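Asks: Sharing a structure below in structure tokens format, with a few things to ask.
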Amino acid sequence: MRRELRSNIPVLSTPVQVRPMLMLTGFLGAGKTTVLRSILDELNRRNRLCDVILNDRENADIDRETLRDHIKSVEALTGSCVCCEGIDELYDMLLKLSKSENQALILELNGTADPLPLQEGLTLLEKKFLLHPRWQVCVIDARHFGQRAQFRALEMLQLETASHFFLSHTSHLNEDEERELELRVVEVNAHASRVSALSLAGYLDQAISQSRKQSLSGPDQDPKLWGGNELVWNKSAKMHDRHHLAHAFTGCNIVFSDDLEHQQVIEWMQTLPESVIRAKALVKLSSDPEIRYLYERVGMEVSPKPIPVRSVSQAPCSGIFIGADLDPDKILQHTRDRLHSDCFFANQ
């Protein structure tokens, strides 16, 4: 299969700022959005502004709601594999944001994404987007690293292509266990270095200080790279033997119609089918109707402390569910039995 990247990319007549780009990868539930919030808070303290693109399989708007208190410019990109069916929309967003006055760009990929084709595409299109330097940070869940069964190869791929890694959920590890985990990570990617949210914000801050203005490339682009006015990318030649794992997951999005009780939500999430690898639910509690809360489940583990979401957006309260062998009708019926009979699929 061949994909032709569209040739109607506009040429800007005035120079634009070259901006650093940070791409967050990592398996489902690793903690990418939590890391992102910490980075944004640190950038805010440094008076640095950035644009954010959130990619999720079913409903990126849910995570976008949790960021509204941290940043104003957030684009939501919903799609299972951003390097395939979502790539055109992503490129449109990148072109739109190339005109932004904000100083950096952060892209959070969904937990099943294969970052390799995207990295290749960004490299080939570097003169179009002026995103430099670019870092890929793999967020690694200390609780489950290397234990993804048939999807372990996808988790390893997300790490192998990274320039840096972030260890999340390390609070239950002692010093020796954490060091052992770090050594296991380095065995997979010896070139990646461990980072914190603070150090990542520092990298972005320094890159912003050293950035320069440059015109986006136009018709005089390198013919060896572009082949005239359009780039022809033989995508089938670029795909590797693990890419199919990114397409093995399915998902569904269910809307909640009523205020709920905290314990009711916890018990509902705990009793979701084991096929649900990742679940998020943005709900309104009857005990606190002025604030919505984000509940999360990774594997069979439900976070006991939901995240308060204070935004005033009209996005509906809903849940997303991701797994390799989901039965959406079964999940909907379970949700109706446990929460409310009026729950329904978001795409209905």
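Ordering of the structure tokens sets the chain letters (A, B, ...); residue numbers start at 1 within each chain; ligands are numbered from 1 in the order shown.
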At a cut-off of 6 Å, using only C-alpha atoms, what residues contact Ala162 of chain A? Leave out same-chain residues fewer than 4 positions from it and give the result as a PyMOL selection string.

Replies: chain A and resi 136-138

Asks: Residues within 10 Å of segment 328-336 of chain A, please, as a short mmCIF file (atom, residue, chain, number, x, y, z; two decimals) with N, CA, C and O atoms, in the first residue's frame. Count only C-alpha atoms; anything in the same chain fewer than 3 positions from it doesn't count.

Replies:
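Result written to out.cif:
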```cif
data_model
loop_
_atom_site.label_atom_id
_atom_site.label_comp_id
_atom_site.auth_asym_id
_atom_site.auth_seq_id
_atom_site.Cartn_x
_atom_site.Cartn_y
_atom_site.Cartn_z
N THR A 250 -9.15 -3.21 20.73
CA THR A 250 -10.43 -2.58 20.41
C THR A 250 -10.85 -1.75 21.62
O THR A 250 -10.26 -1.84 22.70
N GLY A 251 -11.87 -0.94 21.43
CA GLY A 251 -12.32 -0.09 22.53
C GLY A 251 -13.76 0.33 22.34
O GLY A 251 -14.35 0.15 21.27
N CYS A 252 -14.33 0.89 23.40
CA CYS A 252 -15.66 1.46 23.31
C CYS A 252 -15.76 2.63 24.29
O CYS A 252 -14.95 2.76 25.21
N ASN A 253 -16.75 3.48 24.05
CA ASN A 253 -16.95 4.71 24.82
C ASN A 253 -18.41 4.75 25.26
O ASN A 253 -19.32 4.71 24.42
N ILE A 254 -18.66 4.80 26.56
CA ILE A 254 -20.02 4.76 27.11
C ILE A 254 -20.30 6.04 27.88
O ILE A 254 -19.48 6.47 28.70
N VAL A 255 -21.44 6.64 27.62
CA VAL A 255 -21.84 7.89 28.27
C VAL A 255 -22.70 7.57 29.50
O VAL A 255 -23.57 6.71 29.47
N PHE A 256 -22.41 8.31 30.61
CA PHE A 256 -23.18 8.17 31.85
C PHE A 256 -24.19 9.31 31.93
O PHE A 256 -23.86 10.46 31.66
N VAL A 265 -18.92 3.67 41.86
CA VAL A 265 -18.00 3.73 40.72
C VAL A 265 -16.83 2.76 40.93
O VAL A 265 -16.43 2.03 40.02
N TRP A 268 -18.00 -0.82 40.43
CA TRP A 268 -18.26 -1.05 39.01
C TRP A 268 -16.97 -1.29 38.25
O TRP A 268 -16.86 -2.24 37.46
N MET A 269 -15.94 -0.46 38.51
CA MET A 269 -14.67 -0.62 37.81
C MET A 269 -13.97 -1.91 38.22
O MET A 269 -13.36 -2.60 37.39
N THR A 271 -15.27 -4.68 38.97
CA THR A 271 -15.95 -5.86 38.44
C THR A 271 -16.10 -5.84 36.92
O THR A 271 -16.80 -6.68 36.35
N LEU A 272 -15.44 -4.88 36.24
CA LEU A 272 -15.40 -4.92 34.78
C LEU A 272 -14.70 -6.20 34.34
O LEU A 272 -13.86 -6.75 35.06
N PRO A 273 -14.99 -6.71 33.15
CA PRO A 273 -14.34 -7.95 32.69
C PRO A 273 -12.82 -7.83 32.65
O PRO A 273 -12.27 -6.75 32.46
N SER A 275 -10.95 -8.67 30.41
CA SER A 275 -10.51 -8.28 29.07
C SER A 275 -10.25 -6.79 28.96
O SER A 275 -9.59 -6.33 28.02
N VAL A 276 -10.76 -6.00 29.91
CA VAL A 276 -10.52 -4.55 29.92
C VAL A 276 -9.13 -4.30 30.50
O VAL A 276 -8.91 -4.42 31.71
N GLY A 319 -17.09 6.96 29.95
CA GLY A 319 -15.97 6.07 30.21
C GLY A 319 -15.45 5.48 28.93
O GLY A 319 -16.19 5.29 27.96
N PHE A 321 -12.97 2.21 27.40
CA PHE A 321 -12.54 0.87 27.78
C PHE A 321 -11.72 0.30 26.62
O PHE A 321 -12.18 0.30 25.47
N ILE A 322 -10.52 -0.19 26.91
CA ILE A 322 -9.61 -0.67 25.88
C ILE A 322 -9.11 -2.06 26.27
O ILE A 322 -8.77 -2.32 27.42
N ASP A 325 -9.59 -8.08 23.50
CA ASP A 325 -10.71 -8.97 23.16
C ASP A 325 -11.97 -8.50 23.87
O ASP A 325 -12.59 -9.24 24.62
N LEU A 339 -24.39 1.00 37.28
CA LEU A 339 -24.46 2.45 37.40
C LEU A 339 -25.86 2.99 37.15
O LEU A 339 -26.48 3.56 38.03
N HIS A 340 -26.33 2.84 35.92
CA HIS A 340 -27.67 3.38 35.60
C HIS A 340 -28.15 2.76 34.29
O HIS A 340 -27.35 2.58 33.35
N SER A 341 -29.42 2.48 34.21
CA SER A 341 -29.98 1.81 33.04
C SER A 341 -29.96 2.69 31.79
O SER A 341 -30.14 2.18 30.67
N ASP A 342 -29.75 4.00 31.95
CA ASP A 342 -29.79 4.91 30.80
C ASP A 342 -28.43 5.09 30.13
O ASP A 342 -28.31 5.89 29.18
N CYS A 343 -27.38 4.41 30.58
CA CYS A 343 -26.07 4.53 29.94
C CYS A 343 -26.14 4.04 28.50
O CYS A 343 -26.90 3.12 28.18
N PHE A 344 -25.34 4.64 27.62
CA PHE A 344 -25.41 4.28 26.20
C PHE A 344 -24.07 4.51 25.53
O PHE A 344 -23.21 5.25 26.04
N PHE A 345 -23.86 3.87 24.36
CA PHE A 345 -22.63 4.05 23.60
C PHE A 345 -22.57 5.48 23.06
O PHE A 345 -23.55 6.01 22.56
#
```

Asks: Do a neighbour search on Glu42 of chain A at 10 Å with only C-alpha atoms, toss out local chain neighbours closer than 4 positions, and write the hits as a list of chain:residue names.

Replies: A:Leu36, A:Arg37, A:Ser38, A:Arg46, A:Asn47, A:Arg48, A:His70, A:Ala197, A:Leu198, A:Ser199, A:Leu200, A:Ala201, A:Gly202, A:Asp205

Asks: Once you have the residues from the selection above, write them out as a short mmCIF file (atom, residue, chain, number, x, y, z; two decimals), in the first residue's frame, restricted to all heavy atoms.

Replies:
```cif
data_model
loop_
_atom_site.label_atom_id
_atom_site.label_comp_id
_atom_site.auth_asym_id
_atom_site.auth_seq_id
_atom_site.Cartn_x
_atom_site.Cartn_y
_atom_site.Cartn_z
N LEU A 36 2.65 14.19 31.97
CA LEU A 36 2.39 15.41 31.18
C LEU A 36 1.93 16.55 32.08
O LEU A 36 2.39 17.69 31.93
CB LEU A 36 1.34 15.10 30.12
CG LEU A 36 0.83 16.28 29.29
CD1 LEU A 36 1.97 17.01 28.59
CD2 LEU A 36 -0.20 15.80 28.28
N ARG A 37 1.03 16.27 33.00
CA ARG A 37 0.55 17.34 33.90
C ARG A 37 1.70 17.91 34.72
O ARG A 37 1.78 19.13 34.94
CB ARG A 37 -0.55 16.80 34.81
CG ARG A 37 -1.89 16.63 34.12
CD ARG A 37 -3.00 16.37 35.13
NE ARG A 37 -2.90 15.04 35.70
CZ ARG A 37 -3.57 13.97 35.25
NH1 ARG A 37 -4.37 14.10 34.21
NH2 ARG A 37 -3.45 12.79 35.84
N SER A 38 2.60 17.06 35.18
CA SER A 38 3.75 17.53 35.97
C SER A 38 4.68 18.39 35.14
O SER A 38 5.18 19.42 35.61
CB SER A 38 4.52 16.33 36.54
OG SER A 38 3.71 15.57 37.43
N ARG A 46 7.99 28.31 34.90
CA ARG A 46 9.08 28.96 34.16
C ARG A 46 8.55 29.94 33.11
O ARG A 46 9.31 30.44 32.29
CB ARG A 46 9.94 27.90 33.48
CG ARG A 46 10.61 26.92 34.45
CD ARG A 46 11.29 25.78 33.69
NE ARG A 46 11.81 24.79 34.61
CZ ARG A 46 13.06 24.32 34.60
NH1 ARG A 46 13.91 24.79 33.71
NH2 ARG A 46 13.44 23.40 35.46
N ASN A 47 7.24 30.17 33.13
CA ASN A 47 6.60 31.08 32.17
C ASN A 47 6.82 30.64 30.73
O ASN A 47 6.99 31.46 29.83
CB ASN A 47 7.10 32.51 32.37
CG ASN A 47 6.69 33.09 33.71
OD1 ASN A 47 5.55 32.92 34.14
ND2 ASN A 47 7.61 33.76 34.37
N ARG A 48 6.82 29.33 30.51
CA ARG A 48 6.93 28.76 29.17
C ARG A 48 5.57 28.20 28.77
O ARG A 48 4.94 27.48 29.55
CB ARG A 48 7.98 27.65 29.13
CG ARG A 48 9.40 28.09 29.44
CD ARG A 48 9.91 29.11 28.43
NE ARG A 48 11.37 29.28 28.53
CZ ARG A 48 12.04 30.16 27.81
NH1 ARG A 48 11.41 30.96 26.96
NH2 ARG A 48 13.35 30.26 27.93
N HIS A 70 -4.20 23.15 33.55
CA HIS A 70 -2.75 23.22 33.40
C HIS A 70 -2.31 23.96 32.14
O HIS A 70 -1.20 24.48 32.09
CB HIS A 70 -2.17 21.80 33.37
CG HIS A 70 -2.53 20.96 34.56
ND1 HIS A 70 -1.70 20.81 35.63
CD2 HIS A 70 -3.65 20.25 34.85
CE1 HIS A 70 -2.28 20.03 36.53
NE2 HIS A 70 -3.46 19.67 36.08
N ALA A 197 10.07 14.56 35.41
CA ALA A 197 9.29 15.66 34.84
C ALA A 197 10.06 16.98 34.93
O ALA A 197 10.02 17.81 34.02
CB ALA A 197 7.95 15.77 35.56
N LEU A 198 10.80 17.15 36.03
CA LEU A 198 11.59 18.36 36.21
C LEU A 198 12.68 18.48 35.15
O LEU A 198 12.89 19.54 34.57
CB LEU A 198 12.20 18.37 37.61
CG LEU A 198 13.07 19.58 37.97
CD1 LEU A 198 12.25 20.86 37.93
CD2 LEU A 198 13.71 19.38 39.35
N SER A 199 13.40 17.38 34.90
CA SER A 199 14.48 17.45 33.91
C SER A 199 13.93 17.62 32.50
O SER A 199 14.53 18.33 31.69
CB SER A 199 15.35 16.19 33.99
OG SER A 199 14.62 15.02 33.69
N LEU A 200 12.77 17.01 32.19
CA LEU A 200 12.18 17.20 30.87
C LEU A 200 11.77 18.65 30.66
O LEU A 200 11.99 19.21 29.57
CB LEU A 200 10.96 16.28 30.71
CG LEU A 200 11.28 14.79 30.54
CD1 LEU A 200 10.00 13.97 30.59
CD2 LEU A 200 12.03 14.54 29.24
N ALA A 201 11.18 19.26 31.67
CA ALA A 201 10.85 20.68 31.57
C ALA A 201 12.11 21.51 31.37
O ALA A 201 12.11 22.50 30.63
CB ALA A 201 10.10 21.13 32.82
N GLY A 202 13.20 21.10 32.02
CA GLY A 202 14.47 21.80 31.85
C GLY A 202 15.00 21.69 30.43
O GLY A 202 15.51 22.68 29.87
N ASP A 205 12.91 23.96 28.30
CA ASP A 205 13.23 25.36 28.61
C ASP A 205 14.53 25.77 27.91
O ASP A 205 14.61 26.84 27.29
CB ASP A 205 13.36 25.51 30.12
CG ASP A 205 13.54 26.96 30.55
OD1 ASP A 205 13.16 27.86 29.78
OD2 ASP A 205 14.07 27.19 31.65
#
```

Asks: Give me, please, the distance in Å between atom CA of Glu261 of chain A and atom CA of Asp56 of chain A, quoted to one decimal.

Replies: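 These atoms are spaced 26.5 Å apart.
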
Asks: Between atom CA of Arg184 of chain A and atom CA of Leu28 of chain A, what is the spacing in Å?

Replies: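 If I compute the distance from atom CA of Leu28 of chain A to atom CA of Arg184 of chain A, I get 19.5 Å.
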
Asks: Give the answer as one residue: which of A:Thr161, A:Arg292, A:Asn189, A:Phe249 has the shortest atom-to-atom distance to His262 of chain A, using only C-alpha atoms?

Replies: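 The answer is A:Arg292, which sits nearest to His262 of chain A.
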
Asks: Which residue gives the smallest distance to Leu107 of chain A among A:Ala76, A:Leu95, A:Ile140, A:Met23, with only C-alpha atoms counted?

Replies: A:Met23

Asks: Which neighbours of Leu131 of chain A fall inside 7 Å, counting only C-alpha atoms, when residues of the same chain fewer than 5 positions from it are skipped, and could you give them as a PyMOL selection string?

Replies: chain A and resi 18-21+126

Asks: Report as a list in words: the residues of segment 122-211 of chain A with a DSSP assignment of strand (DSSP E or B), based on the backbone of this structure.

Replies: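 Strand (DSSP E or B) members of segment 122-211 of chain A, listed: Leu131, His132, Pro133, Arg134, Trp135, Gln136, Val137, Cys138, Val139, Ile140, Asp141, His164, Phe165, Phe166, Leu167, Ser168, Ser193 and Arg194 of chain A.
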
Asks: Using C-alpha atoms, can you export the residues from the last selection as a compact mmCIF listing (two decimals), in the first residue's frame?

Replies:
```txt
# COMPACT_ATOMS: atom_id res chain seq x y z
CA LEU A 131 10.03 20.77 15.23
CA HIS A 132 13.55 20.45 16.59
CA PRO A 133 14.94 18.97 18.71
CA ARG A 134 12.51 16.05 19.11
CA TRP A 135 12.62 13.70 22.08
CA GLN A 136 10.64 10.50 22.60
CA VAL A 137 10.11 9.63 26.25
CA CYS A 138 8.82 6.16 27.09
CA VAL A 139 6.83 6.10 30.34
CA ILE A 140 7.34 2.71 31.99
CA ASP A 141 4.97 1.30 34.59
CA HIS A 164 14.63 8.81 27.30
CA PHE A 165 12.55 6.83 29.79
CA PHE A 166 10.50 7.72 32.85
CA LEU A 167 9.77 5.18 35.59
CA SER A 168 6.27 5.57 37.02
CA SER A 193 18.58 7.92 29.76
CA ARG A 194 16.26 8.18 32.73
```
